[in-house]
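Undergrad: One structure coming up, written as structure tokens, with questions to follow.
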Amino acid sequence: MNICRTKQQLRLAIRDAQKHQQTIGFVPTMGYLHEGHASLLREARSDNDVVVLSIFVNPMQFGPNEDLDRYPRDEERDLALAASCGVDIVFLPSVEEMYPKKPLTTIKVEEVTSRLCGASRPGHFDGVGLVVSKLFNIVQPQRAYFGMKDAQQVAVIEQMVQDLDMNVDIVHCPIIREPDGLALSSRNVYLSAKHRMEATTLSKSLNKLHHQLKDNNKMTSDECVAFITNEIITNTSGEIDYVELLHYPSLTAVQDRLSIAESFENQRFIVAVAVKFGTTRLIDNALFQVGEVIERV
């Protein structure tokens with residue numbers, strides 16, 4: 001496994017793969033890898049000749065009061081997991097390597113970022129767009145792999161790729177969960193035992209809504225949001241950041257008075273939640289498809 005800490009080292013490794021006309025699959029991460037990341041790496045391994053993993057905690061996507069300094073890091077553990085998944089190249093740059101000077105360029109995706117995490121974390125997706133576009137330019141992959149736990153991030157990156165005619169296919173992969181349903185996240189290590197137990201309410205409430213909609217697709221979007229909100233308030237001590245039901249991937253609002261069946265016939269919608277447990281903010285979501293019956297996607 002080739003470990004590159006500079007852009008020049010990585011470009012030389014990429015050039016060698018390109019010279020042999022090998023396809024490149026890319027998985028960008030902020031490290032502290034878990035089974036969710038491993039699933040992306042295995043998917044990339046099955047699809048491509050060369051798999052590139054980047055590990056970089058990007059300061060540009062953290063707000064002034066967020067957890068940049070305490071974001072979990074474990075390089076040795078990450079490299080062991082990468083090797084077990086058959087990664088060929090790991091890019092491990094420093095902040096100074098990625099940003100030798102303060103960047104004067106902004107990658108700003110409008111509209112798709114106006115809700116959910118984009119609303120509660122101003123500037124977050126500007127930082128995501130900047131670092132992902134830089135990494136795409138350096139790695140030049142045919143395919144890049146992202147988990148659907150952050151469905152808004154996937155939508156933002158797909159929009160950026162489309163608008164800027166980037167020559168890369170975005171492959172979105174399903175959320176990987178613990179046996180009790182909690183979505184895997186590097187931030188789960190911060191949860192107290194009480195909050196860890198309460199956090200399973202996020203996935204449980206989404207599953208309950210799924211069953212509710214199978215029996216009653218006359219529910220409105222407001223009723224769906226109220227159902228999830230009540231489940232979280234009743235069963236946790238968490239502080240709700242948002243609970244929203246939106247069209248996906250446009251993330252546009254829904255007409256409140258129409259039923260789910262009327263609003264989304266043969267269309268996808270997302271129910272997304274963000275809840276703060278103590279100092280730890282968790283996100284989760286479910287995608288739904290409305291047709292003859294309602295199915296969770």
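Letters A, B, ... mark the chains of the structure tokens in the order given; residue numbers begin at 1 per chain; ligand numbers begin at 1, in order shown.
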Need to verify the contact set: Tyr248 in chain A, 6 Å, only C-alpha atoms, exclusion of same-chain residues closer than 6 positions in sequence. Can you return it as a ChimeraX atom specification?

TA: /A:268-270

Undergrad: Taking 4 positions as the minimum chain separation for residues in the same chain, which residues sit within 7 Å of Val52 in chain A when counting only C-alpha atoms? Answer as a PDB file with C-alpha atoms, in the first residue's frame.

TA:
```
ATOM      1  CA  GLY A  25     -11.932   4.520  -7.566  1.00  0.00           C
ATOM      2  CA  PHE A  26     -11.710   7.182  -4.860  1.00  0.00           C
ATOM      3  CA  VAL A  27     -13.048   7.291  -1.298  1.00  0.00           C
ATOM      4  CA  VAL A  87      -6.589  -0.028  -0.766  1.00  0.00           C
ATOM      5  CA  ASP A  88      -3.711   0.707  -3.159  1.00  0.00           C
ATOM      6  CA  ILE A  89      -2.959   4.362  -2.342  1.00  0.00           C
ATOM      7  CA  VAL A  90      -3.623   6.382   0.815  1.00  0.00           C
TER       8      VAL A  90
END
```

Undergrad: Using only C-alpha atoms, find the one residue out of A:Pro122, A:Arg281, A:Ile14, A:Leu164 that sits nearest to Pro64 in chain A.

TA: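 Smallest distance to Pro64 in chain A is found for A:Pro122.
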
Undergrad: Write down as a PyMOL selection string the residues of range 114-258 of chain A whose backbone DSSP state falls under helix (DSSP H, G or I).

TA: chain A and resi 116-120+124-139+148-163+186-190+193-215+221-235

Undergrad: Quick one: pull the distance between CA of Val290 in chain A and CA of Pro249 in chain A, Å, one decimal.

TA: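 Separation of CA of Val290 in chain A and CA of Pro249 in chain A: 14.8 Å.
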
Undergrad: Using only C-alpha atoms, which of the listed residues (A:Ser237, A:Ser259, A:Gln159, A:Asn217) sits closest to Met197 in chain A?

TA: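 Once distances to Met197 in chain A are computed over only C-alpha atoms, the minimum belongs to A:Ser237.
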
Undergrad: Among range 45-116 of chain A, which residues does DSSP mark as strand (DSSP E) when it is run on the backbone? Keep the chain and numbering as in the structure and answer as a tab-separated table (two decimals) with C-alpha atoms, in the first residue's frame.

TA:
```
chain	number	residue	atom	x	y	z
A	50	VAL	CA	-6.82	1.09	-8.33
A	51	VAL	CA	-8.42	2.27	-5.07
A	52	VAL	CA	-7.39	5.61	-3.57
A	53	LEU	CA	-8.36	6.59	-0.02
A	54	SER	CA	-7.86	10.10	1.33
A	55	ILE	CA	-7.76	10.87	5.05
A	89	ILE	CA	-2.96	4.36	-2.34
A	90	VAL	CA	-3.62	6.38	0.82
A	91	PHE	CA	-3.38	10.17	0.66
```

Undergrad: Tell me which of A:Ala151, A:Met1, A:Val139, A:Leu116 sits closest to Ser84 in chain A, counting only C-alpha atoms.

TA: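 Among the listed residues, A:Met1 lies closest to Ser84 in chain A.
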
Undergrad: Leaving out range 15-24 of chain A and any residue of its chain fewer than 6 positions from it, which residues lie within 10 Å of it when counting only C-alpha atoms, given as a VMD selection string?

TA: chain A and resid 9 44 to 45 47 to 52 88 139 to 144 168

Undergrad: Next, dump the selected residues to file, keeping only N, CA and C atoms, as a compact mmCIF listing (two decimals), in the first residue's frame.

TA:
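Result file part21.txt:
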```
# COMPACT_ATOMS: atom_id res chain seq x y z
N GLN A 9 3.61 13.47 -4.50
CA GLN A 9 3.72 12.01 -4.39
C GLN A 9 2.47 11.33 -4.93
N ALA A 44 -15.49 0.16 -3.93
CA ALA A 44 -14.50 0.71 -4.87
C ALA A 44 -13.55 -0.37 -5.36
N ARG A 45 -13.18 -1.27 -4.45
CA ARG A 45 -12.26 -2.36 -4.81
C ARG A 45 -12.88 -3.27 -5.87
N ASP A 47 -15.02 -2.44 -8.14
CA ASP A 47 -15.35 -1.74 -9.38
C ASP A 47 -14.13 -1.25 -10.16
N ASN A 48 -12.95 -1.18 -9.53
CA ASN A 48 -11.83 -0.45 -10.12
C ASN A 48 -10.51 -1.21 -10.04
N ASP A 49 -9.58 -0.79 -10.89
CA ASP A 49 -8.24 -1.38 -10.86
C ASP A 49 -7.42 -0.85 -9.69
N VAL A 50 -7.59 0.44 -9.39
CA VAL A 50 -6.82 1.09 -8.33
C VAL A 50 -7.80 1.79 -7.38
N VAL A 51 -7.58 1.62 -6.08
CA VAL A 51 -8.42 2.27 -5.07
C VAL A 51 -7.57 3.29 -4.31
N VAL A 52 -8.06 4.53 -4.29
CA VAL A 52 -7.39 5.61 -3.57
C VAL A 52 -8.28 6.04 -2.41
N ASP A 88 -5.01 0.62 -2.50
CA ASP A 88 -3.71 0.71 -3.16
C ASP A 88 -2.92 1.94 -2.74
N VAL A 139 -6.71 13.57 -7.72
CA VAL A 139 -6.81 12.12 -7.91
C VAL A 139 -7.28 11.76 -9.32
N GLN A 140 -8.16 12.57 -9.89
CA GLN A 140 -8.73 12.32 -11.22
C GLN A 140 -9.34 10.91 -11.33
N PRO A 141 -10.26 10.60 -10.42
CA PRO A 141 -10.86 9.26 -10.44
C PRO A 141 -11.95 9.14 -11.50
N GLN A 142 -12.20 7.90 -11.91
CA GLN A 142 -13.37 7.63 -12.74
C GLN A 142 -14.64 7.58 -11.88
N ARG A 143 -14.47 7.09 -10.63
CA ARG A 143 -15.61 6.95 -9.73
C ARG A 143 -15.20 7.42 -8.34
N ALA A 144 -16.16 8.05 -7.64
CA ALA A 144 -15.95 8.44 -6.24
C ALA A 144 -17.13 7.94 -5.42
N VAL A 168 -16.33 12.56 -13.40
CA VAL A 168 -16.30 11.53 -12.36
C VAL A 168 -17.73 11.09 -12.07
```

Undergrad: For Phe56 in chain A, find every residue with an atom within 10 Å (counting only C-alpha atoms), except residues of its own chain fewer than 5 positions away, and show them as a PyMOL selection string.

TA: chain A and resi 28-31+73+91-95+98+131

Undergrad: My list of candidates is A:Met219, A:Met148, A:Met166, A:Cys224. Which is closest to Glu262 in chain A when distances are computed with only C-alpha atoms?

TA: A:Met219

Undergrad: Which polymer residues have any atom within 9 Å of an atom of Arg121 in chain A, counting only C-alpha atoms, with same-chain residues fewer than 4 positions away left out, as a ChimeraX atom specification?

TA: /A:61-63,116-117,125

Undergrad: Write a file of the just-selected residues containing C-alpha atoms, as a PDB file, in the first residue's frame.

TA:
```
ATOM      1  CA  GLN A  61     -15.922  22.727   6.616  1.00  0.00           C
ATOM      2  CA  PHE A  62     -15.918  23.318  10.378  1.00  0.00           C
ATOM      3  CA  GLY A  63     -17.529  26.354  11.949  1.00  0.00           C
ATOM      4  CA  LEU A 116     -30.867  20.744   6.710  1.00  0.00           C
ATOM      5  CA  CYS A 117     -27.172  20.922   7.652  1.00  0.00           C
ATOM      6  CA  PHE A 125     -20.845  22.906   2.305  1.00  0.00           C
TER       7      PHE A 125
END
```

Undergrad: Using CA of Met160 in chain A and CA of Phe136 in chain A as the two end points, give the distance in Å to one decimal.

TA: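 These two atoms are separated by 11.5 Å.
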
Undergrad: A:Pro59, A:Gly118, A:Pro72, A:Gly86: which is nearest Ser185 in chain A, counting only C-alpha atoms?

TA: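 Answer, going by the shortest atom-to-atom distance: A:Pro72.
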